[in-house]
Amino acid sequence: MNYTFEQYRESADFLQAKLGSFQPKVAMVLGSGLGYLGDVVEDPIVVPYGEIPHFKHSTAPGHKGQLVFGTLAGQKVAVMQGRMHHYEGYSYEEVAYAVRVLHLLGCDTLFVTNAAGGVNWKFKAGDLMLITDQIKIFMESPLRGENLPQFGPRFPDSSYLYTPRLQDLARQQARRLDLDLKEGVYMYFPGPQYETPAEVRMARILGADAVGMSTAPEVITAGHCGMEVLGFTLVSNMAAGVLPQKLSEEEVLEAAAAARDKFSSLVLACLEHL
Ligand code: HPA
């Protein structure tokens, strides 16, 4: 199924009525571990996904399922506390639905964070990685189906999906905070099973530095409608086969909790200096 422009408009109008004259600039899709930033937004206006026409729910662990509008590090933000994933049963269009709605509300920038498995041999669990590019070769694009020209062209350019200027900002802020910020390519896998060691070897050969189950669809959709994008990955574990041990969901959540303060200080610094 394809959403119509009118459906996106209806969701945006519903939210605008709640927001009054407030206009968000930065949409934030926060993955495992960083969702709590929504709790420290000043003058928050909270809207559960379930109340918003055409919105889907988020069912993943650690994902609350609500939008928080307000001020964070001096910027007007719309924080998605919890994202939708394809493995929950949603189409990619549904996964990325909110990005277009937030764009209609005035967001011209998208911040995305996620937890992912480290593929690059030089990485270790707990590292932060600036996403410089992505690979999403599995399954269809969130833009599949009739193009909605109100958002962007049929064949959008993907040369600079992750905005170079924002990458520079992140490098600068990491230096200022004395944080070790790795860089690399995020490769999307649909999940929900973690990758096999053979799949991880394949990802490495293809140029991936980290593998994860989110982010890429939202970023394609943001790029299509001309939004600038900044993305960070928390390497919550080394991907399957890198170390002689099994992967677990607990390990991912624990790593996310342990890295929370350094991760959020970097995200907040980037927001502040945007
Ligand atoms: N693979 C895919 N997604 C993930 C991983 C992983 O190793 N860790 C956290 N999210």
# chains A, B, ... in the order shown; residues from 1 in each chain; ligands from 1
$ closest_atom_pairs --of "chain A" --to "ligand 1" --cutoff "9 Å" --atoms "only C-alpha atoms and all ligand atoms" --output "tab-separated table"
residue	atom	partner	partner_atom_place_in_ligand_line	distance
A:Ser32	CA	ligand 1	9 (C)	8.5
A:Asn114	CA	ligand 1	10 (N)	7.5
A:Ala115	CA	ligand 1	9 (C)	4.7
A:Ala116	CA	ligand 1	9 (C)	3.6
A:Gly117	CA	ligand 1	7 (O)	3.3
A:Gly118	CA	ligand 1	7 (O)	6.7
A:Val119	CA	ligand 1	7 (O)	8.5
A:Tyr188	CA	ligand 1	2 (C)	8.0
A:Phe189	CA	ligand 1	2 (C)	6.7
A:Pro190	CA	ligand 1	2 (C)	8.5
A:Gly191	CA	ligand 1	2 (C)	7.0
A:Pro192	CA	ligand 1	3 (N)	8.0
A:Gln193	CA	ligand 1	2 (C)	7.8
A:Tyr194	CA	ligand 1	1 (N)	4.9
A:Glu195	CA	ligand 1	1 (N)	5.9
A:Val200	CA	ligand 1	1 (N)	8.8
A:Ala210	CA	ligand 1	1 (N)	7.9
A:Val211	CA	ligand 1	2 (C)	5.1
A:Gly212	CA	ligand 1	3 (N)	3.5
A:Met213	CA	ligand 1	3 (N)	5.0
A:Ser214	CA	ligand 1	3 (N)	7.9
A:Leu234	CA	ligand 1	9 (C)	8.3
A:Val235	CA	ligand 1	8 (N)	7.1
A:Ser236	CA	ligand 1	8 (N)	5.7
A:Asn237	CA	ligand 1	8 (N)	5.7
A:Met238	CA	ligand 1	7 (O)	6.2
A:Ala239	CA	ligand 1	7 (O)	4.2
A:Ala240	CA	ligand 1	7 (O)	6.2
A:Leu247	CA	ligand 1	7 (O)	7.1
A:Ser248	CA	ligand 1	8 (N)	8.4
A:Glu249	CA	ligand 1	9 (C)	7.7
A:Glu251	CA	ligand 1	8 (N)	8.6
A:Val252	CA	ligand 1	9 (C)	5.6
A:Leu253	CA	ligand 1	9 (C)	8.5
$ residues_around --residues "range 37-49 of chain A" --least-positions-apart "3" --cutoff "7 Å" --atoms "only C-alpha atoms" --output "ChimeraX atom specification"
/A:34,52,55-57,65-72,79,81
$ residues_around --residues "Ala208 in chain A" --least-positions-apart "3" --cutoff "9 Å" --atoms "only C-alpha atoms" --output "list in words"
Val119, Asn120, Gln134, Ile135, Gly184, Val185, Tyr186, Met187, Val200, Met202, Ala203, Arg204, Ile205 and Val211 of chain A
$ closest_residue --among "A:Glu183, A:Glu199, A:Glu93, A:Glu146" --to "Val242 in chain A" --atoms "only C-alpha atoms"
A:Glu199
$ atom_distance --atom1 "CA of Ala96 in chain A" --atom2 "CA of Gln16 in chain A"
19.1 Å
$ residues_around --residues "Glu10 in chain A" --least-positions-apart "4" --cutoff "9 Å" --atoms "only C-alpha atoms" --output "PyMOL selection string"
chain A and resi 5-6+14-15+53-54+101
$ write_last_selection --atoms "all heavy atoms" --output "mmCIF file, in the first residue's frame"
data_model
loop_
_atom_site.group_PDB
_atom_site.id
_atom_site.type_symbol
_atom_site.label_atom_id
_atom_site.label_comp_id
_atom_site.auth_asym_id
_atom_site.auth_seq_id
_atom_site.Cartn_x
_atom_site.Cartn_y
_atom_site.Cartn_z
ATOM 1 N N PHE A 5 -0.521 11.773 -0.340
ATOM 2 C CA PHE A 5 -0.022 13.016 0.252
ATOM 3 C C PHE A 5 -1.019 13.528 1.296
ATOM 4 O O PHE A 5 -0.629 14.047 2.334
ATOM 5 C CB PHE A 5 0.200 14.075 -0.841
ATOM 6 C CG PHE A 5 0.807 15.324 -0.283
ATOM 7 C CD1 PHE A 5 2.149 15.360 0.091
ATOM 8 C CD2 PHE A 5 0.037 16.475 -0.103
ATOM 9 C CE1 PHE A 5 2.713 16.508 0.641
ATOM 10 C CE2 PHE A 5 0.595 17.625 0.448
ATOM 11 C CZ PHE A 5 1.935 17.644 0.810
ATOM 12 N N GLU A 6 -2.299 13.331 1.023
ATOM 13 C CA GLU A 6 -3.330 13.819 1.952
ATOM 14 C C GLU A 6 -3.205 13.144 3.312
ATOM 15 O O GLU A 6 -3.472 13.754 4.343
ATOM 16 C CB GLU A 6 -4.742 13.576 1.377
ATOM 17 C CG GLU A 6 -5.119 14.485 0.205
ATOM 18 C CD GLU A 6 -4.242 14.288 -1.032
ATOM 19 O OE1 GLU A 6 -3.876 13.126 -1.339
ATOM 20 O OE2 GLU A 6 -3.881 15.297 -1.680
ATOM 21 N N PHE A 14 -2.927 17.268 12.297
ATOM 22 C CA PHE A 14 -3.296 16.828 13.646
ATOM 23 C C PHE A 14 -2.234 17.293 14.655
ATOM 24 O O PHE A 14 -2.551 17.827 15.712
ATOM 25 C CB PHE A 14 -3.426 15.300 13.670
ATOM 26 C CG PHE A 14 -3.615 14.726 15.038
ATOM 27 C CD1 PHE A 14 -4.887 14.593 15.587
ATOM 28 C CD2 PHE A 14 -2.516 14.315 15.804
ATOM 29 C CE1 PHE A 14 -5.062 14.077 16.866
ATOM 30 C CE2 PHE A 14 -2.685 13.801 17.086
ATOM 31 C CZ PHE A 14 -3.960 13.674 17.617
ATOM 32 N N LEU A 15 -0.970 17.086 14.280
ATOM 33 C CA LEU A 15 0.117 17.468 15.196
ATOM 34 C C LEU A 15 0.219 18.988 15.307
ATOM 35 O O LEU A 15 0.425 19.528 16.399
ATOM 36 C CB LEU A 15 1.444 16.868 14.719
ATOM 37 C CG LEU A 15 1.544 15.356 14.932
ATOM 38 C CD1 LEU A 15 2.710 14.759 14.151
ATOM 39 C CD2 LEU A 15 1.689 15.033 16.420
ATOM 40 N N PRO A 53 -3.187 10.190 13.512
ATOM 41 C CA PRO A 53 -3.757 9.481 12.364
ATOM 42 C C PRO A 53 -2.663 8.850 11.499
ATOM 43 O O PRO A 53 -1.653 9.507 11.224
ATOM 44 C CB PRO A 53 -4.484 10.581 11.578
ATOM 45 C CG PRO A 53 -4.637 11.726 12.508
ATOM 46 C CD PRO A 53 -3.602 11.589 13.588
ATOM 47 N N HIS A 54 -2.853 7.608 11.129
ATOM 48 C CA HIS A 54 -1.993 6.847 10.209
ATOM 49 C C HIS A 54 -0.645 6.425 10.798
ATOM 50 O O HIS A 54 0.141 5.778 10.118
ATOM 51 C CB HIS A 54 -1.738 7.608 8.895
ATOM 52 C CG HIS A 54 -2.971 8.226 8.326
ATOM 53 N ND1 HIS A 54 -4.086 7.487 8.017
ATOM 54 C CD2 HIS A 54 -3.278 9.520 8.038
ATOM 55 C CE1 HIS A 54 -5.029 8.297 7.556
ATOM 56 N NE2 HIS A 54 -4.564 9.532 7.563
ATOM 57 N N VAL A 101 6.157 13.315 7.781
ATOM 58 C CA VAL A 101 5.233 14.137 8.569
ATOM 59 C C VAL A 101 6.017 15.247 9.274
ATOM 60 O O VAL A 101 5.605 16.411 9.276
ATOM 61 C CB VAL A 101 4.466 13.262 9.582
ATOM 62 C CG1 VAL A 101 3.656 14.122 10.533
ATOM 63 C CG2 VAL A 101 3.566 12.263 8.856
#
$ select_by_dssp --residues "range 34-204 of chain A" --states "helix (DSSP H, G or I)" --output "number ranges by chain"
A: 35-40, 49-51, 86-88, 92-95, 97-104, 164-176, 197-204
$ residues_around --residues "Cys270 in chain A" --least-positions-apart "5" --cutoff "8 Å" --atoms "only C-alpha atoms" --output "NGL selection string"
:A and (169-170 or 173)
$ closest_residue --among "A:Leu19, A:Leu206, A:Leu271, A:Leu148" --to "Val112 in chain A" --atoms "only C-alpha atoms"
A:Leu271
